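I have placed the structure first, in the form of structure tokens, so that the comments after it can refer back to it.
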Amino acid sequence: NDIDYRSVTCQASPNIALIKYWGKRNEELILPDNDSLSITLDLNDMHSYTTVSTSSSMICDTFYFDDIQQTKLSERMKKVLQEVRRRAKDNKIKFVEIRSHNSFPASSGLASSASAYASLAIALTNLFQLDNPQSTAAYLARIGSGSAIRSIYGGFVRWSSENECLSSCIYPAEHWSELRIIILIFNSSKKPVSSTDAMQRTRETSTLFQARLSTINDKINKLIEAIKIKDFNTFAKITMMDSSQFHAVCMDTYPPVIYLNDQSKHLIDLVHVYNQMDGNQIIKVAYTFDAGPNPFCFIRQEHVDEFLSLLKYFYPTMNDDVHKHVSNVNEKFSSI
Ligand code: PMV
């Protein structure tokens with residue numbers, strides 16, 4: 001009897017942090033130690049889409065990834081569903097079927113958990129018509145996978161570490177439409193240390209960590225101002241410095257957590273040489289690295305072709321991929 005069958009599909013894109021979230025002050029609720037700021041990618045380029053359905057004839061919760069039924073739901077997924085049941089007014093929710101897909105290869109070295117949990121959170125919020133949809137979806141995404149909270153919105157997004165620790169859109173993507181993101185995949189294998197374990201280890205052993213925290217708010221304020229006036233030089237410098245500081249903190253952790261590889265370091269040098277090539281003080285490209293060796297490069301449209309030829313010269317085998325990953329900043333994000 002599927003007479004009460006209901007289903008909702010939502011999509012969300014990965015986001016790339018300009019100021020990294022690193023450290024949880026509450027593991028259970030995933031409350032971050034610091035504010036972070038990110039850019040959500042364009043839905044047309046990369047997204048996860050998730051269909052959630054429910055009907056009284058379902059006999060358990062099920063999860064399909066790329067149409068393959070998984071033997072069980074992850075603990076985080078169970079946590080999300082538990083919270084949905086707690087919030088849902090109609091107590092008739094029995095079971096849920098989750099079907100999740102990515103429009104980009106899961107093994108591409110990109111964190112797909114942010115877009116996956118954001119699309120799941122939005123879909124569940126809609127399916128069960130939960131109150132305060134934006135903040136509820138943000139809460140659900142956060143308890144699924146911390147940084148997923150920033151993929152609830154498009155454009156430039158801030159995740160607050162205060163009060164309810166929710167996210168908000170600072171500027172929509174169209175505010176800075178010349179901005180492009182080039183993603184290079186140097187290595188698509190799994191991280192040597194999960195971000196959860198590495199954050200914990202950092203909190204316990206790194207003395208640089210506290211010093212980093214004291215720099216965050218100032219950087220965020222300056223970055224927001226740079227985005228506001230489209231000052232690429234300041235935007236680029238703060239973004240690159242925060243990436244390096246985050247990796248320095250990882251290195252200061254004991255035993256050290258090392259996410260960058262030789263290719264990452266080569267790219268860092270290449271970007272700085274390229275930026276200084278004309279002898280003037282204009283920064284053309286900025287890089288940032290998450291918990292992995294793959295660079296995300298920010299660049300204005302006018303310099304894309306020139307920089308891509310440089311990349312093709314130095315990384316000839318990456319030709320095709322590089323083109324595929326020139327992404328616009330997201331201008332559209334969720335169905336809420
Ligand atoms: O959401 P998690 O647990 O995968 O942590 C992500 C942390 C970084 O990607 C390194 C930084 C960030 O803010 O996304």
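We label chains A, B, ... in the order they appear in the structure tokens, count residues from 1 in each chain, and number ligands from 1 in the order shown.
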
Could I get the residues of chain A with an atom no further than 7 Å from an atom of ligand 1, each paired with its nearest atom pair and that distance in Å to one decimal, using only C-alpha atoms and all ligand atoms, sorted by chain and residue number, as a Markdown table?
| residue | atom | partner | partner_atom_place_in_ligand_line | distance |
| --- | --- | --- | --- | --- |
| A:Ile16 | CA | ligand 1 | 14 (O) | 6.2 |
| A:Ala17 | CA | ligand 1 | 13 (O) | 4.8 |
| A:Ile19 | CA | ligand 1 | 13 (O) | 6.6 |
| A:Lys20 | CA | ligand 1 | 13 (O) | 3.8 |
| A:Tyr21 | CA | ligand 1 | 13 (O) | 3.7 |
| A:Trp22 | CA | ligand 1 | 7 (C) | 5.8 |
| A:Ser36 | CA | ligand 1 | 13 (O) | 6.0 |
| A:Ala111 | CA | ligand 1 | 4 (O) | 6.9 |
| A:Ala114 | CA | ligand 1 | 1 (O) | 6.8 |
| A:Ser145 | CA | ligand 1 | 1 (O) | 5.1 |
| A:Gly146 | CA | ligand 1 | 1 (O) | 4.1 |
| A:Ser147 | CA | ligand 1 | 1 (O) | 3.9 |
| A:Ala148 | CA | ligand 1 | 1 (O) | 6.3 |
| A:Ser195 | CA | ligand 1 | 3 (O) | 5.1 |
| A:Thr196 | CA | ligand 1 | 3 (O) | 5.6 |
| A:Asp290 | CA | ligand 1 | 10 (C) | 4.2 |
| A:Ala291 | CA | ligand 1 | 10 (C) | 4.5 |

Strand (DSSP E) call set, DSSP backbone run, segment 92-250 of chain A, as number ranges by chain | A: 96-102, 156-159, 167-171, 179-183

Would you kindly return, as an MDAnalysis selection string, each protein, DNA or RNA residue with an atom no farther than 12 Å from any atom of Glu97 of chain A, considering only C-alpha atoms and excluding same-chain residues fewer than 4 positions away?
-> chainID A and resid 5:9 50:65 67 69:70 72:73 77 81 93 120 123:124 127

What lies within 10 Å of Phe232 of chain A using only C-alpha atoms, ignoring chain neighbours under 6 positions off, as a VMD selection string?
-> chain A and resid 179 223 226 238 282 to 286 298 to 300

Go through A:Leu130, A:Ile122, A:Ile181, A:Leu37 one by one, measure the shortest atom-to-atom distance of each to Cys169 of chain A using only C-alpha atoms, and give the residue with the smallest value.
->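 Distance minimum relative to Cys169 of chain A lands on A:Leu37.
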
Segment 42-280 of chain A: which residues are helix (DSSP H, G or I) by DSSP, as JSON, numbers by chain?
-> {"A": [75, 76, 77, 78, 79, 80, 81, 82, 83, 84, 85, 86, 87, 113, 114, 115, 116, 117, 118, 119, 120, 121, 122, 123, 124, 125, 126, 127, 133, 134, 135, 136, 137, 138, 139, 140, 141, 142, 143, 144, 146, 147, 148, 149, 150, 151, 152, 173, 174, 175, 176, 195, 196, 197, 198, 199, 200, 201, 202, 203, 204, 205, 208, 209, 210, 211, 212, 213, 214, 215, 216, 217, 218, 219, 220, 221, 222, 223, 224, 225, 226, 227, 228, 229, 232, 233, 234, 235, 236, 237, 238, 239, 240, 241, 242, 243, 244, 245, 246, 247, 248, 249, 250, 251, 262, 263, 264, 265, 266, 267, 268, 269, 270, 271, 272, 273, 274, 275, 276]}

Filtering to C-alpha atoms, could you give me those residues as a tab-separated table (two decimals), in the first residue's frame?
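This went into part02.tsv:
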chain	number	residue	atom	x	y	z
A	75	GLU	CA	26.29	6.76	12.08
A	76	ARG	CA	26.05	10.37	10.91
A	77	MET	CA	23.18	9.59	8.60
A	78	LYS	CA	21.38	7.87	11.47
A	79	LYS	CA	22.00	10.94	13.61
A	80	VAL	CA	20.44	13.17	10.93
A	81	LEU	CA	17.35	10.94	10.64
A	82	GLN	CA	16.98	10.82	14.41
A	83	GLU	CA	16.93	14.62	14.51
A	84	VAL	CA	14.39	14.74	11.67
A	85	ARG	CA	12.09	12.38	13.58
A	86	ARG	CA	12.47	14.50	16.69
A	87	ARG	CA	11.53	17.67	14.82
A	113	SER	CA	30.31	14.88	1.75
A	114	ALA	CA	29.48	18.59	1.95
A	115	SER	CA	27.24	18.55	-1.11
A	116	ALA	CA	25.83	15.13	-0.22
A	117	TYR	CA	24.79	16.10	3.32
A	118	ALA	CA	23.54	19.52	2.25
A	119	SER	CA	21.28	18.00	-0.41
A	120	LEU	CA	20.11	15.32	2.05
A	121	ALA	CA	19.35	17.94	4.70
A	122	ILE	CA	17.37	20.15	2.31
A	123	ALA	CA	15.46	17.16	0.92
A	124	LEU	CA	14.51	15.86	4.38
A	125	THR	CA	13.47	19.33	5.53
A	126	ASN	CA	11.17	19.63	2.52
A	127	LEU	CA	9.82	16.11	2.66
A	133	PRO	CA	13.44	25.37	6.77
A	134	GLN	CA	16.67	27.31	6.22
A	135	SER	CA	18.04	26.97	9.73
A	136	THR	CA	16.73	23.42	10.11
A	137	ALA	CA	18.43	22.32	6.89
A	138	ALA	CA	21.62	24.05	8.04
A	139	TYR	CA	21.48	22.28	11.41
A	140	LEU	CA	20.87	18.88	9.81
A	141	ALA	CA	23.68	19.38	7.28
A	142	ARG	CA	26.06	20.39	10.07
A	143	ILE	CA	25.44	17.35	12.24
A	144	GLY	CA	25.90	15.22	9.10
A	146	GLY	CA	30.40	20.01	9.55
A	147	SER	CA	31.35	21.99	6.46
A	148	ALA	CA	28.19	20.78	4.66
A	149	ILE	CA	26.41	23.60	6.49
A	150	ARG	CA	28.03	26.06	4.08
A	151	SER	CA	26.64	24.22	1.01
A	152	ILE	CA	23.08	25.06	2.10
A	173	ALA	CA	27.66	34.56	-6.53
A	174	GLU	CA	26.59	37.15	-9.09
A	175	HIS	CA	28.12	39.84	-6.87
A	176	TRP	CA	31.53	38.84	-8.27
A	195	SER	CA	39.65	15.49	9.22
A	196	THR	CA	37.83	14.40	12.40
A	197	ASP	CA	40.91	12.62	13.77
A	198	ALA	CA	43.27	15.33	12.62
A	199	MET	CA	41.19	18.11	14.23
A	200	GLN	CA	41.13	16.22	17.51
A	201	ARG	CA	44.88	15.66	17.39
A	202	THR	CA	45.46	19.32	16.55
A	203	ARG	CA	43.43	20.48	19.55
A	204	GLU	CA	45.38	18.15	21.82
A	205	THR	CA	48.92	18.79	20.64
A	208	LEU	CA	50.10	27.07	16.95
A	209	PHE	CA	46.40	26.20	16.93
A	210	GLN	CA	45.47	28.83	19.56
A	211	ALA	CA	47.57	31.41	17.74
A	212	ARG	CA	45.69	30.61	14.54
A	213	LEU	CA	42.32	31.04	16.25
A	214	SER	CA	43.29	34.54	17.37
A	215	THR	CA	43.85	35.56	13.71
A	216	ILE	CA	40.56	34.31	12.28
A	217	ASN	CA	38.10	37.13	12.92
A	218	ASP	CA	40.42	39.79	11.61
A	219	LYS	CA	41.02	37.77	8.44
A	220	ILE	CA	37.29	37.18	7.97
A	221	ASN	CA	36.49	40.88	8.34
A	222	LYS	CA	39.20	41.85	5.86
A	223	LEU	CA	38.13	39.16	3.43
A	224	ILE	CA	34.49	40.22	3.55
A	225	GLU	CA	35.55	43.80	2.82
A	226	ALA	CA	37.74	42.58	-0.07
A	227	ILE	CA	34.82	40.60	-1.51
A	228	LYS	CA	32.54	43.60	-1.05
A	229	ILE	CA	34.78	45.88	-3.13
A	232	PHE	CA	41.26	40.52	-5.78
A	233	ASN	CA	44.74	41.28	-4.41
A	234	THR	CA	43.56	41.30	-0.78
A	235	PHE	CA	41.15	38.39	-1.40
A	236	ALA	CA	43.98	36.33	-2.89
A	237	LYS	CA	46.55	37.13	-0.23
A	238	ILE	CA	44.27	36.36	2.73
A	239	THR	CA	43.04	33.14	1.09
A	240	MET	CA	46.56	31.86	0.39
A	241	MET	CA	47.81	32.84	3.84
A	242	ASP	CA	44.95	31.08	5.59
A	243	SER	CA	45.55	27.93	3.57
A	244	SER	CA	49.24	27.96	4.50
A	245	GLN	CA	48.48	28.68	8.14
A	246	PHE	CA	46.02	25.79	8.28
A	247	HIS	CA	48.65	23.42	6.85
A	248	ALA	CA	51.27	24.81	9.24
A	249	VAL	CA	48.95	23.99	12.14
A	250	CYS	CA	48.53	20.45	10.76
A	251	MET	CA	52.32	20.17	10.61
A	262	ASP	CA	55.40	17.63	-3.78
A	263	GLN	CA	53.02	18.59	-6.55
A	264	SER	CA	51.10	20.86	-4.18
A	265	LYS	CA	54.34	22.61	-3.25
A	266	HIS	CA	55.28	22.93	-6.92
A	267	LEU	CA	51.93	24.57	-7.65
A	268	ILE	CA	52.42	27.00	-4.76
A	269	ASP	CA	55.78	28.08	-6.20
A	270	LEU	CA	54.35	28.25	-9.70
A	271	VAL	CA	51.53	30.56	-8.60
A	272	HIS	CA	53.93	32.94	-6.85
A	273	VAL	CA	56.33	33.03	-9.80
A	274	TYR	CA	53.41	33.62	-12.17
A	275	ASN	CA	52.02	36.38	-9.95
A	276	GLN	CA	55.39	38.16	-9.95

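The nearest approach to Asn34 of chain A among the residues A:Ser160, A:Thr207, A:Ser13, A:Asn132, with only C-alpha atoms taken into account, belongs to A:Ser160.
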
Contacts of Leu31 of chain A within 8 Å, only C-alpha atoms, excl. fewer than 3 positions in-chain, as an NGL selection string | :A and (24-27 or 146 or 161 or 165)

The residue from A:Pro105, A:Gly292, A:Pro14, A:Pro32 with the smallest atom-to-atom distance to Glu162 of chain A, counting only C-alpha atoms, is A:Pro32

Work out how far atom CA of Phe289 of chain A is from atom CA of Gln11 of chain A, in Å to one decimal.
->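 Here the two named atoms are 24.4 Å from each other.
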
Please build the interface table for segment 6-84 of chain A against segment 293-296 of chain A with a cut-off of 12 Å, listing for each qualifying residue the nearest atom pair and the distance in Å to one decimal; count only C-alpha atoms, order rows by chain and increasing number, and write it as a tab-separated table.
residue	atom	partner	partner_atom	distance
A:Asn15	CA	A:Phe296	CA	10.7
A:Ile16	CA	A:Phe296	CA	7.8
A:Ala17	CA	A:Phe296	CA	9.6
A:Leu18	CA	A:Phe296	CA	9.9
A:Ser38	CA	A:Phe296	CA	11.9
A:Ile39	CA	A:Phe296	CA	11.0
A:Leu41	CA	A:Phe296	CA	11.2

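Across the model, the gap from atom CA of Ile183 of chain A to atom CA of Trp159 of chain A is 22.7 Å.
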
Can you tell me how far atom CA of Leu310 of chain A sits from atom CA of Asn187 of chain A, in Å to one decimal?
-> 19.6 Å
